[in-house]
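Enquirer: File final-v3.cif follows (mmCIF, C-alpha atoms and all ligand atoms; chains and numbers go by the auth columns):
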```cif
data_run
#
loop_
_atom_site.group_PDB
_atom_site.id
_atom_site.type_symbol
_atom_site.label_atom_id
_atom_site.label_comp_id
_atom_site.label_asym_id
_atom_site.label_seq_id
_atom_site.Cartn_x
_atom_site.Cartn_y
_atom_site.Cartn_z
_atom_site.B_iso_or_equiv
_atom_site.auth_seq_id
_atom_site.auth_asym_id
ATOM 1 C CA MET A 1 0.000 0.000 0.000 0.00 1287 O
ATOM 2 C CA MET A 2 1.276 3.431 -0.942 0.00 1288 O
ATOM 3 C CA LYS A 3 1.297 5.878 1.917 0.00 1289 O
ATOM 4 C CA TYR A 4 -0.626 8.738 0.371 0.00 1290 O
ATOM 5 C CA LYS A 5 -0.012 11.019 3.299 0.00 1291 O
ATOM 6 C CA ASN A 6 3.719 10.747 2.803 0.00 1292 O
ATOM 7 C CA VAL A 7 3.412 11.344 -0.902 0.00 1293 O
ATOM 8 C CA ILE A 8 1.298 14.434 -0.340 0.00 1294 O
ATOM 9 C CA MET A 9 3.669 15.705 2.318 0.00 1295 O
ATOM 10 C CA PHE A 10 6.548 15.189 -0.078 0.00 1296 O
ATOM 11 C CA LEU A 11 4.755 17.043 -2.862 0.00 1297 O
ATOM 12 C CA ILE A 12 3.943 19.988 -0.597 0.00 1298 O
ATOM 13 C CA LEU A 13 7.541 20.124 0.528 0.00 1299 O
ATOM 14 C CA PHE A 14 8.754 19.873 -3.046 0.00 1300 O
ATOM 15 C CA PHE A 15 6.594 22.783 -4.236 0.00 1301 O
ATOM 16 C CA LYS A 16 7.555 24.895 -1.242 0.00 1302 O
ATOM 17 C CA VAL A 17 11.242 24.375 -1.982 0.00 1303 O
ATOM 18 C CA PHE A 18 10.576 24.936 -5.656 0.00 1304 O
ATOM 19 C CA THR A 19 8.835 28.296 -5.155 0.00 1305 O
ATOM 20 C CA VAL A 20 11.579 29.515 -2.805 0.00 1306 O
ATOM 21 C CA PHE A 21 14.152 29.096 -5.563 0.00 1307 O
ATOM 22 C CA CYS A 22 11.861 30.161 -8.362 0.00 1308 O
ATOM 23 C CA ASP A 23 11.730 33.727 -9.630 0.00 1309 O
ATOM 24 C CA THR A 24 8.286 34.853 -10.699 0.00 1310 O
ATOM 25 C CA LEU A 25 7.906 36.587 -14.040 0.00 1311 O
ATOM 26 C CA VAL A 26 5.981 39.769 -13.232 0.00 1312 O
ATOM 27 C CA ASN A 27 6.365 41.871 -16.361 0.00 1313 O
ATOM 28 C CA GLU A 28 7.156 41.516 -20.045 0.00 1314 O
ATOM 29 C CA GLU A 29 7.813 44.438 -22.361 0.00 1315 O
ATOM 30 C CA ASP A 30 8.104 44.791 -26.097 0.00 1316 O
ATOM 31 C CA ARG A 31 9.958 48.083 -26.283 0.00 1317 O
ATOM 32 C CA ASN A 32 10.437 48.191 -30.058 0.00 1318 O
ATOM 33 C CA LYS A 33 6.903 46.925 -30.760 0.00 1319 O
ATOM 34 C CA ASP A 34 8.021 44.088 -33.031 0.00 1320 O
ATOM 35 C CA GLY A 35 5.730 41.607 -31.298 0.00 1321 O
ATOM 36 C CA LYS A 36 8.599 39.935 -29.425 0.00 1322 O
ATOM 37 C CA THR A 37 9.327 40.432 -25.768 0.00 1323 O
ATOM 38 C CA ASP A 38 12.654 42.159 -25.183 0.00 1324 O
ATOM 39 C CA ARG A 39 12.570 42.870 -21.454 0.00 1325 O
ATOM 40 C CA TRP A 40 11.554 40.500 -18.691 0.00 1326 O
ATOM 41 C CA THR A 41 11.143 41.440 -15.030 0.00 1327 O
ATOM 42 C CA TYR A 42 11.261 38.721 -12.399 0.00 1328 O
ATOM 43 C CA LEU A 43 10.396 39.045 -8.724 0.00 1329 O
ATOM 44 C CA LYS A 44 12.745 37.092 -6.500 0.00 1330 O
ATOM 45 C CA SER A 45 11.501 35.348 -3.380 0.00 1331 O
ATOM 46 C CA ASP A 46 13.523 37.808 -1.254 0.00 1332 O
ATOM 47 C CA GLY A 47 11.668 40.790 -2.749 0.00 1333 O
ATOM 48 C CA GLY A 48 14.417 41.850 -5.137 0.00 1334 O
ATOM 49 C CA PHE A 49 14.146 41.943 -8.901 0.00 1335 O
ATOM 50 C CA ILE A 50 15.925 40.438 -11.868 0.00 1336 O
ATOM 51 C CA ILE A 51 15.573 42.330 -15.142 0.00 1337 O
ATOM 52 C CA LYS A 52 16.689 40.706 -18.369 0.00 1338 O
ATOM 53 C CA SER A 53 16.851 42.732 -21.564 0.00 1339 O
ATOM 54 C CA ASP A 54 17.453 42.120 -25.216 0.00 1340 O
ATOM 55 C CA ASN A 55 18.750 45.560 -26.107 0.00 1341 O
ATOM 56 C CA ASN A 56 19.565 44.929 -29.772 0.00 1342 O
ATOM 57 C CA TYR A 57 16.319 42.993 -30.362 0.00 1343 O
ATOM 58 C CA ASP A 58 17.942 39.856 -31.778 0.00 1344 O
ATOM 59 C CA GLY A 59 16.034 37.557 -29.418 0.00 1345 O
ATOM 60 C CA ILE A 60 19.052 36.913 -27.157 0.00 1346 O
ATOM 61 C CA VAL A 61 19.299 38.424 -23.692 0.00 1347 O
ATOM 62 C CA ASP A 62 22.295 40.761 -23.533 0.00 1348 O
ATOM 63 C CA TYR A 63 21.761 42.532 -20.222 0.00 1349 O
ATOM 64 C CA VAL A 64 20.851 41.259 -16.768 0.00 1350 O
ATOM 65 C CA LEU A 65 20.338 43.329 -13.645 0.00 1351 O
ATOM 66 C CA GLU A 66 19.684 41.952 -10.194 0.00 1352 O
ATOM 67 C CA THR A 67 18.555 44.110 -7.279 0.00 1353 O
ATOM 68 C CA ASP A 68 17.827 43.525 -3.623 0.00 1354 O
ATOM 69 C CA SER A 69 14.454 44.208 -2.030 0.00 1355 O
ATOM 70 C CA ARG A 70 15.309 47.905 -1.546 0.00 1356 O
ATOM 71 C CA GLY A 71 16.093 48.339 -5.241 0.00 1357 O
ATOM 72 C CA ASN A 72 19.862 48.455 -4.739 0.00 1358 O
ATOM 73 C CA LYS A 73 21.884 46.892 -7.521 0.00 1359 O
ATOM 74 C CA ILE A 74 23.553 43.606 -6.576 0.00 1360 O
ATOM 75 C CA TYR A 75 24.781 42.396 -9.916 0.00 1361 O
ATOM 76 C CA GLU A 76 24.814 43.359 -13.577 0.00 1362 O
ATOM 77 C CA GLU A 77 26.058 41.576 -16.629 0.00 1363 O
ATOM 78 C CA MET A 78 26.114 42.551 -20.260 0.00 1364 O
ATOM 79 C CA ASP A 79 26.998 41.184 -23.640 0.00 1365 O
ATOM 80 C CA PHE A 80 28.907 44.157 -24.952 0.00 1366 O
ATOM 81 C CA ASN A 81 29.602 42.792 -28.466 0.00 1367 O
ATOM 82 C CA TYR A 82 26.223 41.000 -28.791 0.00 1368 O
ATOM 83 C CA ASP A 83 27.743 37.591 -29.555 0.00 1369 O
ATOM 84 C CA GLY A 84 25.401 35.807 -27.130 0.00 1370 O
ATOM 85 C CA LYS A 85 28.006 35.522 -24.366 0.00 1371 O
ATOM 86 C CA MET A 86 28.102 37.898 -21.417 0.00 1372 O
ATOM 87 C CA ASP A 87 31.435 39.709 -21.198 0.00 1373 O
ATOM 88 C CA ASN A 88 31.058 42.528 -18.668 0.00 1374 O
ATOM 89 C CA PHE A 89 30.120 41.778 -15.077 0.00 1375 O
ATOM 90 C CA TYR A 90 29.485 44.226 -12.268 0.00 1376 O
ATOM 91 C CA TYR A 91 29.315 43.297 -8.591 0.00 1377 O
ATOM 92 C CA TYR A 92 27.819 45.712 -6.086 0.00 1378 O
ATOM 93 C CA GLU A 93 28.030 45.966 -2.316 0.00 1379 O
ATOM 94 C CA ASN A 94 25.309 47.994 -0.605 0.00 1380 O
ATOM 95 C CA GLY A 95 24.317 49.326 -4.003 0.00 1381 O
ATOM 96 C CA VAL A 96 27.833 50.588 -4.790 0.00 1382 O
ATOM 97 C CA LEU A 97 30.020 49.116 -7.520 0.00 1383 O
ATOM 98 C CA ALA A 98 32.785 47.072 -5.878 0.00 1384 O
ATOM 99 C CA ARG A 99 34.183 44.996 -8.702 0.00 1385 O
ATOM 100 C CA GLN A 100 34.021 44.829 -12.467 0.00 1386 O
ATOM 101 C CA GLU A 101 35.098 41.796 -14.442 0.00 1387 O
ATOM 102 C CA ILE A 102 35.676 41.972 -18.186 0.00 1388 O
ATOM 103 C CA ASP A 103 36.230 39.409 -20.891 0.00 1389 O
ATOM 104 C CA SER A 104 38.041 41.811 -23.209 0.00 1390 O
ATOM 105 C CA ASN A 105 38.738 39.372 -26.063 0.00 1391 O
ATOM 106 C CA TYR A 106 35.291 37.702 -25.890 0.00 1392 O
ATOM 107 C CA ASP A 107 36.625 34.147 -25.419 0.00 1393 O
ATOM 108 C CA GLY A 108 34.251 33.435 -22.523 0.00 1394 O
ATOM 109 C CA LYS A 109 36.945 33.871 -19.873 0.00 1395 O
ATOM 110 C CA ILE A 110 37.425 36.899 -17.641 0.00 1396 O
ATOM 111 C CA ASP A 111 40.758 38.622 -18.206 0.00 1397 O
ATOM 112 C CA ILE A 112 40.391 41.980 -16.443 0.00 1398 O
ATOM 113 C CA TRP A 113 39.333 42.471 -12.831 0.00 1399 O
ATOM 114 C CA ILE A 114 38.829 45.989 -11.516 0.00 1400 O
ATOM 115 C CA TYR A 115 38.376 46.537 -7.795 0.00 1401 O
ATOM 116 C CA LEU A 116 36.765 49.762 -6.698 0.00 1402 O
ATOM 117 C CA GLU A 117 36.283 51.745 -3.562 0.00 1403 O
ATOM 118 C CA LYS A 118 33.152 53.844 -3.054 0.00 1404 O
ATOM 119 C CA GLY A 119 32.142 52.900 -6.577 0.00 1405 O
ATOM 120 C CA ILE A 120 34.576 55.272 -8.326 0.00 1406 O
ATOM 121 C CA TYR A 121 38.131 54.899 -6.975 0.00 1407 O
ATOM 122 C CA ILE A 122 40.148 52.099 -8.530 0.00 1408 O
ATOM 123 C CA VAL A 123 41.979 50.164 -5.825 0.00 1409 O
ATOM 124 C CA LYS A 124 43.417 47.367 -7.882 0.00 1410 O
ATOM 125 C CA ILE A 125 43.499 46.062 -11.447 0.00 1411 O
ATOM 126 C CA GLU A 126 44.342 42.488 -12.337 0.00 1412 O
ATOM 127 C CA ARG A 127 44.790 41.295 -15.894 0.00 1413 O
ATOM 128 C CA ASP A 128 45.398 38.134 -17.840 0.00 1414 O
ATOM 129 C CA ARG A 129 47.015 39.818 -20.801 0.00 1415 O
ATOM 130 C CA ASN A 130 47.779 36.712 -22.890 0.00 1416 O
ATOM 131 C CA HIS A 131 44.382 35.129 -22.113 0.00 1417 O
ATOM 132 C CA ASN A 132 45.769 31.831 -20.771 0.00 1418 O
ATOM 133 C CA GLY A 133 43.683 31.929 -17.583 0.00 1419 O
ATOM 134 C CA VAL A 134 46.550 33.089 -15.342 0.00 1420 O
ATOM 135 C CA ILE A 135 46.756 36.621 -13.989 0.00 1421 O
ATOM 136 C CA ASP A 136 50.021 38.143 -15.209 0.00 1422 O
ATOM 137 C CA TYR A 137 49.566 41.788 -14.302 0.00 1423 O
ATOM 138 C CA VAL A 138 48.548 43.372 -11.014 0.00 1424 O
ATOM 139 C CA LYS A 139 48.450 47.085 -10.334 0.00 1425 O
ATOM 140 C CA LYS A 140 47.564 48.450 -6.927 0.00 1426 O
ATOM 141 C CA TYR A 141 46.623 52.058 -6.409 0.00 1427 O
ATOM 142 C CA LYS A 142 46.717 52.029 -2.626 0.00 1428 O
HETATM 143 CA CA CA B . 10.543 43.539 -29.176 0.00 1 J
HETATM 144 CA CA CA B . 20.270 40.701 -27.863 0.00 2 J
HETATM 145 CA CA CA B . 29.818 38.965 -25.692 0.00 3 J
HETATM 146 CA CA CA B . 38.923 36.650 -22.188 0.00 4 J
#
```
Turn this file's structure into structure tokens for me.
Ligand SMILES: [Ca+2]
Ligand SMILES: [Ca+2]
Ligand SMILES: [Ca+2]
Ligand SMILES: [Ca+2]
Expert:
Amino acid sequence: MMKYKNVIMFLILFFKVFTVFCDTLVNEEDRNKDGKTDRWTYLKSDGGFIIKSDNNYDGIVDYVLETDSRGNKIYEEMDFNYDGKMDNFYYYENGVLARQEIDSNYDGKIDIWIYLEKGIYIVKIERDRNHNGVIDYVKKYK
């Protein structure tokens, strides 16, 4: 005999866990009025938002922004050369830019790391100038 109670309990648990990790699509926009959605807004379970945009209207997301529940930026990424791979990444702390990571040759691997203070002062730059995955240049400004 199958224990239905256990199955139901499991299903409830499963859906609860599922919704906690699931972002809810709350808005879709078609900014260039071509009939295809090019901006999606998701509500996260913690009250923050994730906005995904297709800024060159080729059907591929090229910009993602994540905020916390107060609307502060947490994270941004963009596909600067529109090749379908994100290449510029921005990490925020308390809404202020703390680190930028760049894939300057668009090979899918980060090769420039910029560390900032108060969102504007560069503290440190690291680079992988020959794109072999190993940092070969570090410049500190403090
Ligand atoms: Ca559109
Ligand atoms: Ca695009
Ligand atoms: Ca790219
Ligand atoms: Ca690279």
Enquirer: Which residues are near range 1358-1360 of chain O? Cut-off 9 Å, only C-alpha atoms, ignore same chain within fewer than 2 positions. Put them as JSON, numbers by chain.
Expert: {"O": [1334, 1351, 1352, 1353, 1354, 1355, 1356, 1362, 1376, 1377, 1378, 1379, 1380, 1381, 1382, 1383]}
Enquirer: Please write as a list in words the full residue list that the PyMOL selection byres (((chain O and resi 1342) around 12) and not hetatm) yields on this file.
Expert: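 Selection result, ordered by chain and number: Arg1317, Asn1318, Thr1323, Asp1324, Arg1325, Ser1339, Asp1340, Asn1341, Tyr1343, Asp1344, Gly1345, Ile1346, Val1347, Asp1348, Tyr1349, Met1364, Asp1365, Phe1366, Asn1367, Tyr1368, Asp1369 and Gly1370 of chain O.
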Enquirer: What would the selection look like, as a JSON list (two decimals) with C-alpha atoms, in the frame of the given file, if the PyMOL selection byres (((chain O and resi 1400) around 8) and not hetatm) were run on the coordinates I just shared?
Expert:
```json
[["chain", "number", "residue", "atom", "x", "y", "z"],
["O", 1385, "ARG", "CA", 34.18, 45.00, -8.70],
["O", 1386, "GLN", "CA", 34.02, 44.83, -12.47],
["O", 1387, "GLU", "CA", 35.10, 41.80, -14.44],
["O", 1398, "ILE", "CA", 40.39, 41.98, -16.44],
["O", 1399, "TRP", "CA", 39.33, 42.47, -12.83],
["O", 1401, "TYR", "CA", 38.38, 46.54, -7.80],
["O", 1402, "LEU", "CA", 36.76, 49.76, -6.70],
["O", 1408, "ILE", "CA", 40.15, 52.10, -8.53],
["O", 1409, "VAL", "CA", 41.98, 50.16, -5.82],
["O", 1410, "LYS", "CA", 43.42, 47.37, -7.88],
["O", 1411, "ILE", "CA", 43.50, 46.06, -11.45],
["O", 1412, "GLU", "CA", 44.34, 42.49, -12.34]]
```
Enquirer: Quick one: distance from CA of Asp1422 in chain O to CA of Val1350 in chain O in Å, one decimal?
Expert: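 Atom-to-atom, CA of Asp1422 in chain O to CA of Val1350 in chain O, that is 29.4 Å.
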Enquirer: Would you compute the distance between atom CA of ligand CA 4 (chain J) and CA of His1417 in chain O? Give it in Å to one decimal.
Expert: 5.7 Å
Enquirer: Counting only C-alpha atoms and all ligand atoms, figure out which residue out of O:Lys1428, O:Lys1404, O:Arg1415, O:Lys1371 gets nearest to ligand CA 3 (chain J).
Expert: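 Looking at the shortest contact to ligand CA 3 (chain J), the residue is O:Lys1371.
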Enquirer: Please find the residues contacting ligand CA 4 (chain J) at a distance of at most 7 Å between atoms, with all atoms listed in the file counted, and report them as a list in words.
Expert: Asp1389, Ser1390, Asn1391, Tyr1392, Asp1393, Gly1394, Lys1395, Ile1396, Asp1397 and His1417 of chain O
Enquirer: If I take CA of Trp1326 in chain O and CA of Leu1311 in chain O, how far is one from the other in Å, to one decimal?
Expert: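 So the two atoms, CA of Trp1326 in chain O and CA of Leu1311 in chain O, lie 7.1 Å apart.
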